[in-house]
$ cat protein_10.pdb   # PDB, C-alpha atoms
ATOM      1  CA  MET C   1     -28.169 -20.825   0.377
ATOM      2  CA  LYS C   2     -28.680 -17.117  -0.030
ATOM      3  CA  ASN C   3     -32.114 -16.849   1.392
ATOM      4  CA  ARG C   4     -31.257 -18.411   4.700
ATOM      5  CA  LYS C   5     -28.093 -16.541   5.768
ATOM      6  CA  ASN C   6     -27.554 -14.475   8.900
ATOM      7  CA  ARG C   7     -30.597 -15.576  10.898
ATOM      8  CA  LYS C   8     -30.883 -14.927  14.596
ATOM      9  CA  LYS C   9     -30.657 -17.970  16.793
ATOM     10  CA  GLN C  10     -33.713 -17.152  18.829
ATOM     11  CA  LYS C  11     -36.573 -19.054  20.355
ATOM     12  CA  PHE C  12     -39.750 -17.335  21.450
ATOM     13  CA  VAL C  13     -43.535 -17.754  21.440
ATOM     14  CA  LEU C  14     -44.813 -16.639  18.053
ATOM     15  CA  GLY C  15     -47.264 -13.773  17.742
ATOM     16  CA  ILE C  16     -48.327 -12.633  14.309
ATOM     17  CA  MET C  17     -46.127 -15.259  12.707
ATOM     18  CA  LEU C  18     -48.246 -17.999  14.193
ATOM     19  CA  LEU C  19     -51.404 -16.393  12.897
ATOM     20  CA  VAL C  20     -49.987 -16.133   9.414
ATOM     21  CA  LEU C  21     -48.431 -19.565   9.226
ATOM     22  CA  GLY C  22     -51.216 -21.404  11.007
ATOM     23  CA  MET C  23     -48.969 -22.979  13.592
ATOM     24  CA  SER C  24     -50.381 -24.427  16.792
ATOM     25  CA  VAL C  25     -50.339 -21.945  19.689
ATOM     26  CA  LEU C  26     -49.040 -24.237  22.363
ATOM     27  CA  ALA C  27     -46.452 -23.254  24.915
ATOM     28  CA  GLY C  28     -43.614 -25.498  25.902
ATOM     29  CA  CYS C  29     -40.499 -27.204  24.603
ATOM     30  CA  LYS C  30     -40.370 -29.614  21.711
ATOM     31  CA  SER C  31     -39.888 -33.252  22.558
ATOM     32  CA  GLU C  32     -37.439 -35.421  20.666
ATOM     33  CA  GLU C  33     -40.401 -37.089  18.984
ATOM     34  CA  SER C  34     -41.801 -33.743  17.811
ATOM     35  CA  LEU C  35     -38.411 -32.700  16.466
ATOM     36  CA  LYS C  36     -38.074 -36.008  14.636
ATOM     37  CA  LYS C  37     -41.516 -35.621  13.037
ATOM     38  CA  GLU C  38     -40.764 -32.014  12.125
ATOM     39  CA  LYS C  39     -37.632 -33.059  10.258
ATOM     40  CA  GLU C  40     -39.467 -35.929   8.561
ATOM     41  CA  TYR C  41     -42.257 -33.629   7.330
ATOM     42  CA  ARG C  42     -39.635 -31.118   6.145
ATOM     43  CA  LYS C  43     -37.870 -33.848   4.184
ATOM     44  CA  ALA C  44     -41.191 -34.994   2.716
ATOM     45  CA  GLY C  45     -41.972 -31.435   1.653
ATOM     46  CA  ILE C  46     -38.654 -31.056  -0.138
ATOM     47  CA  THR C  47     -39.206 -34.366  -1.925
ATOM     48  CA  LYS C  48     -42.657 -33.247  -3.042
ATOM     49  CA  MET C  49     -41.183 -30.001  -4.373
ATOM     50  CA  GLU C  50     -38.657 -31.970  -6.415
ATOM     51  CA  GLU C  51     -41.552 -34.030  -7.772
ATOM     52  CA  GLY C  52     -43.496 -30.894  -8.709
ATOM     53  CA  ASP C  53     -46.239 -31.555  -6.135
ATOM     54  CA  TYR C  54     -46.193 -28.057  -4.675
ATOM     55  CA  GLU C  55     -49.573 -28.209  -2.952
ATOM     56  CA  GLY C  56     -48.492 -31.424  -1.265
ATOM     57  CA  ALA C  57     -45.228 -29.751  -0.312
ATOM     58  CA  VAL C  58     -47.063 -26.860   1.360
ATOM     59  CA  LYS C  59     -49.098 -29.335   3.415
ATOM     60  CA  SER C  60     -45.973 -31.218   4.485
ATOM     61  CA  PHE C  61     -44.166 -28.018   5.479
ATOM     62  CA  GLN C  62     -47.224 -26.916   7.450
ATOM     63  CA  LYS C  63     -47.298 -30.267   9.262
ATOM     64  CA  ALA C  64     -43.621 -29.752  10.064
ATOM     65  CA  LEU C  65     -44.364 -26.325  11.513
ATOM     66  CA  ASP C  66     -47.250 -27.755  13.532
ATOM     67  CA  GLN C  67     -44.686 -29.829  15.438
ATOM     68  CA  SER C  68     -42.887 -26.712  16.694
ATOM     69  CA  LEU C  69     -45.175 -26.233  19.735
ATOM     70  CA  ALA C  70     -45.025 -22.439  19.374
ATOM     71  CA  VAL C  71     -41.242 -22.382  19.545
ATOM     72  CA  VAL C  72     -39.179 -21.136  16.615
ATOM     73  CA  GLY C  73     -35.503 -21.393  15.790
ATOM     74  CA  ASP C  74     -33.346 -21.889  12.726
ATOM     75  CA  LEU C  75     -35.151 -25.074  11.668
ATOM     76  CA  GLU C  76     -38.587 -23.428  11.706
ATOM     77  CA  ILE C  77     -37.315 -20.409   9.772
ATOM     78  CA  ASP C  78     -35.750 -22.723   7.213
ATOM     79  CA  ILE C  79     -39.084 -24.528   6.795
ATOM     80  CA  CYS C  80     -40.903 -21.212   6.387
ATOM     81  CA  TYR C  81     -38.648 -20.261   3.473
ATOM     82  CA  TYR C  82     -39.354 -23.599   1.827
ATOM     83  CA  LYS C  83     -43.071 -23.195   2.485
ATOM     84  CA  ALA C  84     -43.163 -19.740   0.889
ATOM     85  CA  ALA C  85     -41.408 -21.053  -2.212
ATOM     86  CA  ALA C  86     -43.838 -23.969  -2.455
ATOM     87  CA  GLN C  87     -46.812 -21.645  -1.993
ATOM     88  CA  TYR C  88     -45.656 -19.482  -4.860
ATOM     89  CA  LYS C  89     -45.000 -22.465  -7.142
ATOM     90  CA  SER C  90     -48.448 -23.839  -6.307
ATOM     91  CA  GLY C  91     -50.054 -20.575  -7.415
ATOM     92  CA  ASP C  92     -50.839 -19.284  -3.930
ATOM     93  CA  ILE C  93     -49.275 -15.856  -4.467
ATOM     94  CA  ASP C  94     -51.003 -14.211  -1.514
ATOM     95  CA  GLY C  95     -49.982 -17.060   0.777
ATOM     96  CA  ALA C  96     -46.335 -16.761  -0.239
ATOM     97  CA  ILE C  97     -46.374 -12.996   0.306
ATOM     98  CA  GLU C  98     -47.920 -13.445   3.756
ATOM     99  CA  THR C  99     -45.282 -15.995   4.705
ATOM    100  CA  TYR C 100     -42.484 -13.657   3.660
ATOM    101  CA  GLN C 101     -44.173 -10.855   5.620
ATOM    102  CA  ALA C 102     -44.157 -13.094   8.683
ATOM    103  CA  LEU C 103     -40.446 -13.715   8.207
ATOM    104  CA  MET C 104     -39.905  -9.963   8.034
ATOM    105  CA  ASN C 105     -41.796  -9.541  11.290
ATOM    106  CA  TYR C 106     -39.626 -12.215  12.882
ATOM    107  CA  ASP C 107     -36.311 -10.615  11.939
ATOM    108  CA  LYS C 108     -36.561  -6.955  10.975
ATOM    109  CA  LYS C 109     -32.849  -6.750  10.156
ATOM    110  CA  ASN C 110     -32.763  -9.475   7.515
ATOM    111  CA  GLY C 111     -33.099  -8.382   3.899
ATOM    112  CA  ASN C 112     -33.605 -11.855   2.427
ATOM    113  CA  PRO C 113     -37.428 -12.047   2.700
ATOM    114  CA  TYR C 114     -37.670  -8.582   1.152
ATOM    115  CA  TYR C 115     -35.595  -9.754  -1.793
ATOM    116  CA  LEU C 116     -37.686 -12.899  -2.248
ATOM    117  CA  ARG C 117     -40.984 -11.034  -1.996
ATOM    118  CA  GLY C 118     -39.587  -8.527  -4.483
ATOM    119  CA  CYS C 119     -38.942 -11.386  -6.906
ATOM    120  CA  ILE C 120     -42.589 -12.397  -6.626
ATOM    121  CA  TYR C 121     -43.804  -8.863  -7.246
ATOM    122  CA  LEU C 122     -41.496  -8.611 -10.260
ATOM    123  CA  LYS C 123     -42.770 -11.877 -11.749
ATOM    124  CA  GLU C 124     -46.331 -10.717 -11.171
ATOM    125  CA  GLY C 125     -45.660  -7.463 -13.033
ATOM    126  CA  ASP C 126     -45.684  -5.084 -10.059
ATOM    127  CA  THR C 127     -42.270  -3.512 -10.660
ATOM    128  CA  ALA C 128     -42.863  -0.591  -8.290
ATOM    129  CA  LYS C 129     -43.376  -2.881  -5.283
ATOM    130  CA  ALA C 130     -40.520  -5.111  -6.460
ATOM    131  CA  LYS C 131     -38.043  -2.238  -6.608
ATOM    132  CA  LYS C 132     -39.159  -1.025  -3.191
ATOM    133  CA  ASP C 133     -38.496  -4.450  -1.702
ATOM    134  CA  PHE C 134     -35.169  -4.728  -3.508
ATOM    135  CA  ASP C 135     -34.100  -1.354  -2.113
ATOM    136  CA  LYS C 136     -35.035  -2.475   1.389
ATOM    137  CA  ALA C 137     -33.139  -5.745   0.947
ATOM    138  CA  LEU C 138     -30.012  -3.854  -0.115
ATOM    139  CA  GLU C 139     -30.409  -1.423   2.783
ATOM    140  CA  LEU C 140     -30.408  -4.328   5.246
ATOM    141  CA  ASN C 141     -27.812  -6.493   3.456
ATOM    142  CA  SER C 142     -25.660  -3.734   1.957
ATOM    143  CA  GLY C 143     -22.431  -5.745   1.932
ATOM    144  CA  ASP C 144     -23.869  -8.757   0.104
ATOM    145  CA  TYR C 145     -22.453  -8.591  -3.426
ATOM    146  CA  GLU C 146     -24.388 -11.689  -4.466
ATOM    147  CA  LEU C 147     -27.614  -9.889  -3.604
ATOM    148  CA  TYR C 148     -26.703  -6.982  -5.898
ATOM    149  CA  VAL C 149     -25.960  -9.416  -8.717
ATOM    150  CA  SER C 150     -29.201 -11.344  -8.150
ATOM    151  CA  ILE C 151     -31.275  -8.153  -8.264
ATOM    152  CA  TYR C 152     -29.385  -7.039 -11.361
ATOM    153  CA  GLU C 153     -30.170 -10.335 -13.078
ATOM    154  CA  ASN C 154     -33.846 -10.097 -12.149
ATOM    155  CA  LEU C 155     -34.217  -6.560 -13.495
ATOM    156  CA  ASN C 156     -32.155  -7.323 -16.560
ATOM    157  CA  GLY C 157     -34.374 -10.347 -17.155
ATOM    158  CA  ILE C 158     -37.467  -8.174 -17.595
ATOM    159  CA  GLY C 159     -35.625  -5.797 -19.901
ATOM    160  CA  ASP C 160     -35.139  -2.990 -17.389
ATOM    161  CA  THR C 161     -31.461  -2.609 -18.280
ATOM    162  CA  GLU C 162     -31.251   0.971 -17.032
ATOM    163  CA  GLU C 163     -32.378   0.116 -13.501
ATOM    164  CA  ALA C 164     -30.285  -3.063 -13.573
ATOM    165  CA  GLY C 165     -27.215  -0.997 -14.409
ATOM    166  CA  LYS C 166     -27.913   1.305 -11.488
ATOM    167  CA  ILE C 167     -27.867  -1.690  -9.148
ATOM    168  CA  LEU C 168     -24.384  -2.623 -10.353
ATOM    169  CA  ASP C 169     -23.249   0.972  -9.899
ATOM    170  CA  LYS C 170     -24.476   0.848  -6.298
ATOM    171  CA  ALA C 171     -22.518  -2.333  -5.719
ATOM    172  CA  LEU C 172     -19.311  -0.712  -6.972
ATOM    173  CA  LYS C 173     -19.680   1.982  -4.323
ATOM    174  CA  GLN C 174     -19.370  -0.532  -1.483
ATOM    175  CA  GLY C 175     -15.598  -0.108  -1.351
ATOM    176  CA  GLY C 176     -13.336  -2.397   0.613
ATOM    177  CA  GLU C 177      -9.800  -3.590  -0.053
ATOM    178  CA  ASN C 178      -9.793  -7.258   0.864
ATOM    179  CA  ALA C 179      -9.537 -10.032  -1.721
ATOM    180  CA  GLU C 180     -13.274 -10.667  -1.839
ATOM    181  CA  ASP C 181     -14.016  -6.980  -2.444
ATOM    182  CA  TYR C 182     -11.627  -6.836  -5.398
ATOM    183  CA  ARG C 183     -12.960 -10.131  -6.766
ATOM    184  CA  GLU C 184     -16.614  -9.122  -6.559
ATOM    185  CA  ARG C 185     -15.967  -5.684  -8.054
ATOM    186  CA  GLY C 186     -14.148  -7.453 -10.878
ATOM    187  CA  HIS C 187     -17.180  -9.673 -11.381
ATOM    188  CA  ILE C 188     -19.469  -6.653 -11.504
ATOM    189  CA  TYR C 189     -17.270  -4.868 -14.058
ATOM    190  CA  LEU C 190     -17.404  -8.101 -16.067
ATOM    191  CA  LEU C 191     -21.213  -7.950 -16.007
ATOM    192  CA  LYS C 192     -21.068  -4.315 -17.118
ATOM    193  CA  GLY C 193     -18.826  -5.251 -20.027
ATOM    194  CA  ASP C 194     -15.979  -3.094 -18.722
ATOM    195  CA  TYR C 195     -13.305  -5.735 -19.199
ATOM    196  CA  GLU C 196     -10.316  -3.485 -18.545
ATOM    197  CA  SER C 197     -11.624  -2.461 -15.124
ATOM    198  CA  ALA C 198     -12.588  -6.064 -14.437
ATOM    199  CA  ARG C 199      -9.038  -7.242 -15.119
ATOM    200  CA  LYS C 200      -7.562  -4.579 -12.831
ATOM    201  CA  GLU C 201      -9.791  -5.552  -9.910
ATOM    202  CA  LEU C 202      -9.369  -9.278 -10.468
ATOM    203  CA  ASP C 203      -5.584  -8.917 -10.680
ATOM    204  CA  LYS C 204      -5.628  -7.368  -7.217
ATOM    205  CA  ALA C 205      -7.740 -10.247  -5.899
ATOM    206  CA  ILE C 206      -5.467 -12.846  -7.477
ATOM    207  CA  ASN C 207      -2.421 -11.125  -5.961
ATOM    208  CA  LYS C 208      -4.125 -11.646  -2.605
ATOM    209  CA  GLU C 209      -4.395 -15.380  -3.363
ATOM    210  CA  ASP C 210      -8.131 -15.353  -4.138
ATOM    211  CA  MET C 211      -8.468 -18.396  -6.350
ATOM    212  CA  LYS C 212     -12.108 -17.815  -7.318
ATOM    213  CA  ALA C 213     -10.953 -14.619  -9.017
ATOM    214  CA  LEU C 214      -9.128 -16.837 -11.517
ATOM    215  CA  LEU C 215     -12.493 -18.118 -12.726
ATOM    216  CA  TYR C 216     -13.843 -14.626 -13.266
ATOM    217  CA  MET C 217     -10.639 -13.659 -15.040
ATOM    218  CA  ALA C 218     -11.108 -16.688 -17.291
ATOM    219  CA  GLU C 219     -14.607 -15.428 -18.088
ATOM    220  CA  VAL C 220     -13.137 -12.020 -18.988
ATOM    221  CA  TYR C 221     -10.789 -13.672 -21.484
ATOM    222  CA  ASP C 222     -13.653 -15.799 -22.814
ATOM    223  CA  ALA C 223     -15.771 -12.676 -23.300
ATOM    224  CA  GLN C 224     -12.897 -11.074 -25.224
ATOM    225  CA  GLY C 225     -12.522 -14.125 -27.451
ATOM    226  CA  ASN C 226      -9.248 -15.329 -25.936
ATOM    227  CA  SER C 227     -10.307 -18.913 -25.264
ATOM    228  CA  SER C 228      -6.752 -20.266 -24.963
ATOM    229  CA  GLN C 229      -5.891 -17.861 -22.142
ATOM    230  CA  ALA C 230      -9.231 -18.621 -20.488
ATOM    231  CA  GLN C 231      -8.525 -22.350 -20.615
ATOM    232  CA  ALA C 232      -5.067 -21.786 -19.134
ATOM    233  CA  LEU C 233      -6.665 -20.025 -16.162
ATOM    234  CA  TYR C 234      -9.188 -22.814 -15.702
ATOM    235  CA  GLU C 235      -6.289 -25.261 -15.632
ATOM    236  CA  SER C 236      -4.404 -23.072 -13.150
ATOM    237  CA  TYR C 237      -7.429 -22.998 -10.882
ATOM    238  CA  SER C 238      -7.792 -26.751 -11.137
ATOM    239  CA  ALA C 239      -4.108 -27.305 -10.342
ATOM    240  CA  ARG C 240      -4.313 -25.158  -7.210
ATOM    241  CA  ASN C 241      -7.610 -26.634  -6.052
ATOM    242  CA  GLY C 242      -7.197 -30.205  -7.219
ATOM    243  CA  SER C 243      -8.211 -31.691  -3.866
ATOM    244  CA  ASP C 244     -11.252 -29.456  -3.340
ATOM    245  CA  SER C 245     -14.421 -31.239  -4.480
ATOM    246  CA  GLU C 246     -16.523 -28.062  -4.456
ATOM    247  CA  ALA C 247     -13.945 -26.149  -6.509
ATOM    248  CA  LEU C 248     -13.811 -28.958  -9.052
ATOM    249  CA  THR C 249     -17.605 -29.034  -9.148
ATOM    250  CA  THR C 250     -17.598 -25.331 -10.001
ATOM    251  CA  LEU C 251     -15.187 -25.979 -12.855
ATOM    252  CA  GLY C 252     -17.337 -28.843 -14.119
ATOM    253  CA  LYS C 253     -20.504 -26.757 -14.060
ATOM    254  CA  MET C 254     -18.786 -23.957 -15.967
ATOM    255  CA  GLN C 255     -17.697 -26.457 -18.616
ATOM    256  CA  MET C 256     -21.289 -27.750 -18.790
ATOM    257  CA  GLU C 257     -22.549 -24.221 -19.412
ATOM    258  CA  MET C 258     -20.098 -23.907 -22.307
ATOM    259  CA  GLY C 259     -21.214 -27.251 -23.748
ATOM    260  CA  ASN C 260     -17.906 -28.999 -22.981
ATOM    261  CA  TYR C 261     -19.532 -32.106 -21.530
ATOM    262  CA  GLN C 262     -16.512 -34.421 -21.732
ATOM    263  CA  ARG C 263     -14.348 -31.862 -19.916
ATOM    264  CA  ALA C 264     -17.127 -31.351 -17.368
ATOM    265  CA  LEU C 265     -17.337 -35.093 -16.768
ATOM    266  CA  GLU C 266     -13.594 -35.207 -16.121
ATOM    267  CA  PHE C 267     -13.906 -32.494 -13.472
ATOM    268  CA  PHE C 268     -16.843 -34.238 -11.769
ATOM    269  CA  GLN C 269     -15.023 -37.559 -11.688
ATOM    270  CA  LYS C 270     -11.859 -35.911 -10.404
ATOM    271  CA  ALA C 271     -13.924 -34.347  -7.625
ATOM    272  CA  LEU C 272     -15.472 -37.702  -6.715
ATOM    273  CA  ALA C 273     -11.962 -39.161  -6.439
ATOM    274  CA  THR C 274     -10.734 -36.575  -3.917
ATOM    275  CA  ASP C 275     -10.031 -37.634  -0.353
ATOM    276  CA  ASN C 276     -12.750 -35.470   1.210
ATOM    277  CA  VAL C 277     -15.852 -35.344  -0.983
ATOM    278  CA  ILE C 278     -18.246 -32.995   0.810
ATOM    279  CA  ASN C 279     -20.868 -32.761  -1.960
ATOM    280  CA  LYS C 280     -21.056 -36.363  -3.172
ATOM    281  CA  GLN C 281     -24.784 -36.430  -3.989
ATOM    282  CA  GLU C 282     -24.561 -33.259  -6.073
ATOM    283  CA  LEU C 283     -21.515 -34.600  -7.925
ATOM    284  CA  GLN C 284     -23.161 -37.934  -8.677
ATOM    285  CA  LYS C 285     -26.131 -36.123 -10.201
ATOM    286  CA  TYR C 286     -23.899 -33.946 -12.390
ATOM    287  CA  GLU C 287     -21.905 -36.988 -13.485
ATOM    288  CA  ILE C 288     -25.136 -38.634 -14.696
ATOM    289  CA  ILE C 289     -26.217 -35.462 -16.505
ATOM    290  CA  ALA C 290     -22.842 -35.245 -18.233
ATOM    291  CA  TYR C 291     -23.129 -38.835 -19.444
ATOM    292  CA  GLU C 292     -26.634 -38.116 -20.743
ATOM    293  CA  GLN C 293     -25.404 -35.049 -22.624
ATOM    294  CA  LEU C 294     -22.649 -37.178 -24.140
ATOM    295  CA  LYS C 295     -25.341 -39.712 -25.229
ATOM    296  CA  ASP C 296     -23.566 -42.391 -23.193
ATOM    297  CA  PHE C 297     -26.811 -43.796 -21.811
ATOM    298  CA  ALA C 298     -25.259 -47.104 -20.741
ATOM    299  CA  SER C 299     -22.915 -45.317 -18.340
ATOM    300  CA  ALA C 300     -25.704 -43.007 -17.262
ATOM    301  CA  ARG C 301     -27.907 -46.018 -16.407
ATOM    302  CA  GLU C 302     -25.100 -47.646 -14.458
ATOM    303  CA  LYS C 303     -24.420 -44.494 -12.440
ATOM    304  CA  MET C 304     -28.133 -43.863 -11.908
ATOM    305  CA  ALA C 305     -28.628 -47.400 -10.563
ATOM    306  CA  ALA C 306     -25.944 -46.729  -7.950
ATOM    307  CA  TYR C 307     -27.396 -43.314  -7.188
ATOM    308  CA  VAL C 308     -30.928 -44.515  -6.443
ATOM    309  CA  GLN C 309     -29.455 -47.139  -4.144
ATOM    310  CA  ASP C 310     -27.550 -44.466  -2.213
ATOM    311  CA  TYR C 311     -30.424 -41.951  -2.201
ATOM    312  CA  PRO C 312     -33.726 -43.887  -2.356
ATOM    313  CA  GLU C 313     -35.659 -40.824  -1.132
ATOM    314  CA  ASP C 314     -34.900 -38.941  -4.361
ATOM    315  CA  ALA C 315     -38.130 -39.671  -6.246
ATOM    316  CA  GLN C 316     -37.115 -37.528  -9.199
ATOM    317  CA  ALA C 317     -34.037 -39.679  -9.675
ATOM    318  CA  GLN C 318     -36.207 -42.799  -9.532
ATOM    319  CA  ARG C 319     -38.261 -41.509 -12.463
ATOM    320  CA  GLU C 320     -35.108 -40.603 -14.373
ATOM    321  CA  PHE C 321     -33.827 -44.133 -13.781
ATOM    322  CA  VAL C 322     -36.972 -45.555 -15.402
ATOM    323  CA  PHE C 323     -36.405 -43.229 -18.377
ATOM    324  CA  LEU C 324     -32.801 -44.354 -18.778
ATOM    325  CA  GLN C 325     -33.899 -47.991 -18.783
ATOM    326  CA  THR C 326     -35.758 -47.304 -22.018
ATOM    327  CA  ARG C 327     -32.810 -45.693 -23.834
TER     328      ARG C 327
END

$ encode --input "protein_10.pdb" --output "structure tokens"
Amino acid sequence: MKNRKNRKKQKFVLGIMLLVLGMSVLAGCKSEESLKKEKEYRKAGITKMEEGDYEGAVKSFQKALDQSLAVVGDLEIDICYYKAAAQYKSGDIDGAIETYQALMNYDKKNGNPYYLRGCIYLKEGDTAKAKKDFDKALELNSGDYELYVSIYENLNGIGDTEEAGKILDKALKQGGENAEDYRERGHIYLLKGDYESARKELDKAINKEDMKALLYMAEVYDAQGNSSQAQALYESYSARNGSDSEALTTLGKMQMEMGNYQRALEFFQKALATDNVINKQELQKYEIIAYEQLKDFASAREKMAAYVQDYPEDAQAQREFVFLQTR
């Protein structure tokens, strides 16, 4: 998850962060019981977010943080990111901004909270503050191509195409000659509509055995109207990554985006049949969605019944199961 990468593995008594987040100022180490409760409250908060109960989610995340006993590590930082997101979704804009500020104070070398706060400012119409935060995020995470693309998409989404284009130009200046560099530059040229440059960069990545570059190359051919060549590349990627459940999931999702629900279903089911399925819950959800899109509600109900048995904590799925019973 983008907003939780590269965090320091530190533990120390919180100063301003405690004041902002309202955590208990108690010295000492967490007991196993406190850690257990913290994880339970975190899980409850995530469930409430999925249900759309954002105020309830904030309360659960705060209860989780209250178990920390003034000690913070990766788990507490993770909870803080969730809490900030829930605060924003609940309408507590100031609270979300304060939480992100606390995260900045915790780790001054991490650009992720700047990016997320910038997204809030952008949605609230304060583009000047948003761009300032985006610039800071890129300064701290300069090698993160995904961050450039995310900022581009945000600016493009509000119609600021000129500034969005400048972000892509900055990304192209990062340089580098490994497979990932060539692949990501190819992706950026694809976003710019410069298909010839995109193909040149992606060819270099593919020559270095970067399989994900095949997917971007397929998108280039799709954008140029060459659907047969694009499909051939999708098939090539599938053939080379046939035992990789995440790779097959990616292919399925791309087919979903194009409206090819039967093809997407085939990819999801192929992924579920691999020897080492590392994203089973995600795949089961996508399989159900594909059946729904295909109007095969009987199969969707059958798969959903199995899903809610495997993941009873997923309240959203429980509601969807009730809906499918009526179809």

$ resolve_selection --input "protein_10.pdb" --expression "the PyMOL selection byres ((chain C and resi 117) around 9)" --output "PyMOL selection string"
chain C and resi 96-97+100-101+112-116+118-122+130+133-134

$ resolve_selection --input "protein_10.pdb" --expression "the PyMOL selection byres ((chain C and resi 219) around 10)" --output "JSON, numbers by chain"
{"C": [187, 190, 195, 213, 214, 215, 216, 217, 218, 220, 221, 222, 223, 224, 225, 226, 227, 229, 230, 231, 233, 234, 254]}

$ closest_atom_pairs --input "protein_10.pdb" --of "stretch 74-170 of chain C" --to "stretch 37-49 of chain C" --cutoff "12 Å" --atoms "all atoms listed in the file" --output "JSON lines"
{"residue": "C:Leu75", "atom": "CA", "partner": "C:Lys39", "partner_atom": "CA", "distance": 8.5}
{"residue": "C:Glu76", "atom": "CA", "partner": "C:Glu38", "partner_atom": "CA", "distance": 8.9}
{"residue": "C:Ile77", "atom": "CA", "partner": "C:Arg42", "partner_atom": "CA", "distance": 11.5}
{"residue": "C:Asp78", "atom": "CA", "partner": "C:Arg42", "partner_atom": "CA", "distance": 9.3}
{"residue": "C:Ile79", "atom": "CA", "partner": "C:Arg42", "partner_atom": "CA", "distance": 6.6}
{"residue": "C:Cys80", "atom": "CA", "partner": "C:Arg42", "partner_atom": "CA", "distance": 10.0}
{"residue": "C:Tyr81", "atom": "CA", "partner": "C:Arg42", "partner_atom": "CA", "distance": 11.2}
{"residue": "C:Tyr82", "atom": "CA", "partner": "C:Ile46", "partner_atom": "CA", "distance": 7.7}
{"residue": "C:Lys83", "atom": "CA", "partner": "C:Gly45", "partner_atom": "CA", "distance": 8.4}
{"residue": "C:Ala84", "atom": "CA", "partner": "C:Met49", "partner_atom": "CA", "distance": 11.7}
{"residue": "C:Ala85", "atom": "CA", "partner": "C:Met49", "partner_atom": "CA", "distance": 9.2}
{"residue": "C:Ala86", "atom": "CA", "partner": "C:Met49", "partner_atom": "CA", "distance": 6.9}
{"residue": "C:Gln87", "atom": "CA", "partner": "C:Met49", "partner_atom": "CA", "distance": 10.4}
{"residue": "C:Tyr88", "atom": "CA", "partner": "C:Met49", "partner_atom": "CA", "distance": 11.4}
{"residue": "C:Lys89", "atom": "CA", "partner": "C:Met49", "partner_atom": "CA", "distance": 8.9}
{"residue": "C:Ser90", "atom": "CA", "partner": "C:Met49", "partner_atom": "CA", "distance": 9.7}

$ atom_distance --input "protein_10.pdb" --atom1 "atom CA of C:Tyr286" --atom2 "atom CA of C:Arg240"
22.1 Å

$ residues_around --input "protein_10.pdb" --residues "C:Gly175" --least-positions-apart "6" --cutoff "10 Å" --atoms "all atoms listed in the file" --output "count of residues only"
4

$ resolve_selection --input "protein_10.pdb" --expression "the PyMOL selection byres ((chain C and resi 174) around 12)" --output "list in words"
Leu138, Glu139, Asn141, Ser142, Gly143, Asp144, Tyr145, Tyr148, Ile167, Leu168, Asp169, Lys170, Ala171, Leu172, Lys173, Gly175, Gly176, Glu177, Asn178, Glu180, Asp181, Tyr182, Glu184, Arg185 and Ile188 of chain C

$ closest_residue --input "protein_10.pdb" --among "C:Ala57, C:Val308, C:Leu251, C:Ala179" --to "C:Leu202" --atoms "all atoms listed in the file"
C:Ala179

$ closest_residue --input "protein_10.pdb" --among "C:Gln309, C:Ser34, C:Ser197, C:Thr250" --to "C:Ala264" --atoms "all atoms listed in the file"
C:Thr250

$ atom_distance --input "protein_10.pdb" --atom1 "atom CA of C:Lys270" --atom2 "atom CA of C:Leu248"
7.3 Å

$ decode --input "protein_10.pdb" --residues "stretch 179-188 of chain C" --atoms "N, CA and C atoms" --output "PDB file, in the first residue's frame"
ATOM      1  N   ALA C 179      15.453  -2.290 -15.440  1.00  0.00           N
ATOM      2  CA  ALA C 179      14.202  -2.651 -16.103  1.00  0.00           C
ATOM      3  C   ALA C 179      13.020  -1.827 -15.608  1.00  0.00           C
ATOM      4  N   GLU C 180      12.966  -1.600 -14.299  1.00  0.00           N
ATOM      5  CA  GLU C 180      11.851  -0.842 -13.739  1.00  0.00           C
ATOM      6  C   GLU C 180      11.853   0.597 -14.254  1.00  0.00           C
ATOM      7  N   ASP C 181      13.037   1.195 -14.357  1.00  0.00           N
ATOM      8  CA  ASP C 181      13.123   2.566 -14.871  1.00  0.00           C
ATOM      9  C   ASP C 181      12.563   2.654 -16.288  1.00  0.00           C
ATOM     10  N   TYR C 182      12.992   1.740 -17.153  1.00  0.00           N
ATOM     11  CA  TYR C 182      12.501   1.744 -18.530  1.00  0.00           C
ATOM     12  C   TYR C 182      10.985   1.507 -18.567  1.00  0.00           C
ATOM     13  N   ARG C 183      10.521   0.556 -17.738  1.00  0.00           N
ATOM     14  CA  ARG C 183       9.090   0.253 -17.719  1.00  0.00           C
ATOM     15  C   ARG C 183       8.266   1.456 -17.282  1.00  0.00           C
ATOM     16  N   GLU C 184       8.685   2.098 -16.196  1.00  0.00           N
ATOM     17  CA  GLU C 184       7.908   3.225 -15.672  1.00  0.00           C
ATOM     18  C   GLU C 184       7.963   4.435 -16.594  1.00  0.00           C
ATOM     19  N   ARG C 185       9.126   4.652 -17.241  1.00  0.00           N
ATOM     20  CA  ARG C 185       9.174   5.751 -18.220  1.00  0.00           C
ATOM     21  C   ARG C 185       8.253   5.440 -19.399  1.00  0.00           C
ATOM     22  N   GLY C 186       8.205   4.150 -19.790  1.00  0.00           N
ATOM     23  CA  GLY C 186       7.281   3.776 -20.852  1.00  0.00           C
ATOM     24  C   GLY C 186       5.841   4.047 -20.458  1.00  0.00           C
ATOM     25  N   HIS C 187       5.506   3.733 -19.210  1.00  0.00           N
ATOM     26  CA  HIS C 187       4.160   3.999 -18.710  1.00  0.00           C
ATOM     27  C   HIS C 187       3.843   5.488 -18.758  1.00  0.00           C
ATOM     28  N   ILE C 188       4.806   6.300 -18.379  1.00  0.00           N
ATOM     29  CA  ILE C 188       4.581   7.749 -18.348  1.00  0.00           C
ATOM     30  C   ILE C 188       4.415   8.301 -19.759  1.00  0.00           C
TER      31      ILE C 188
END
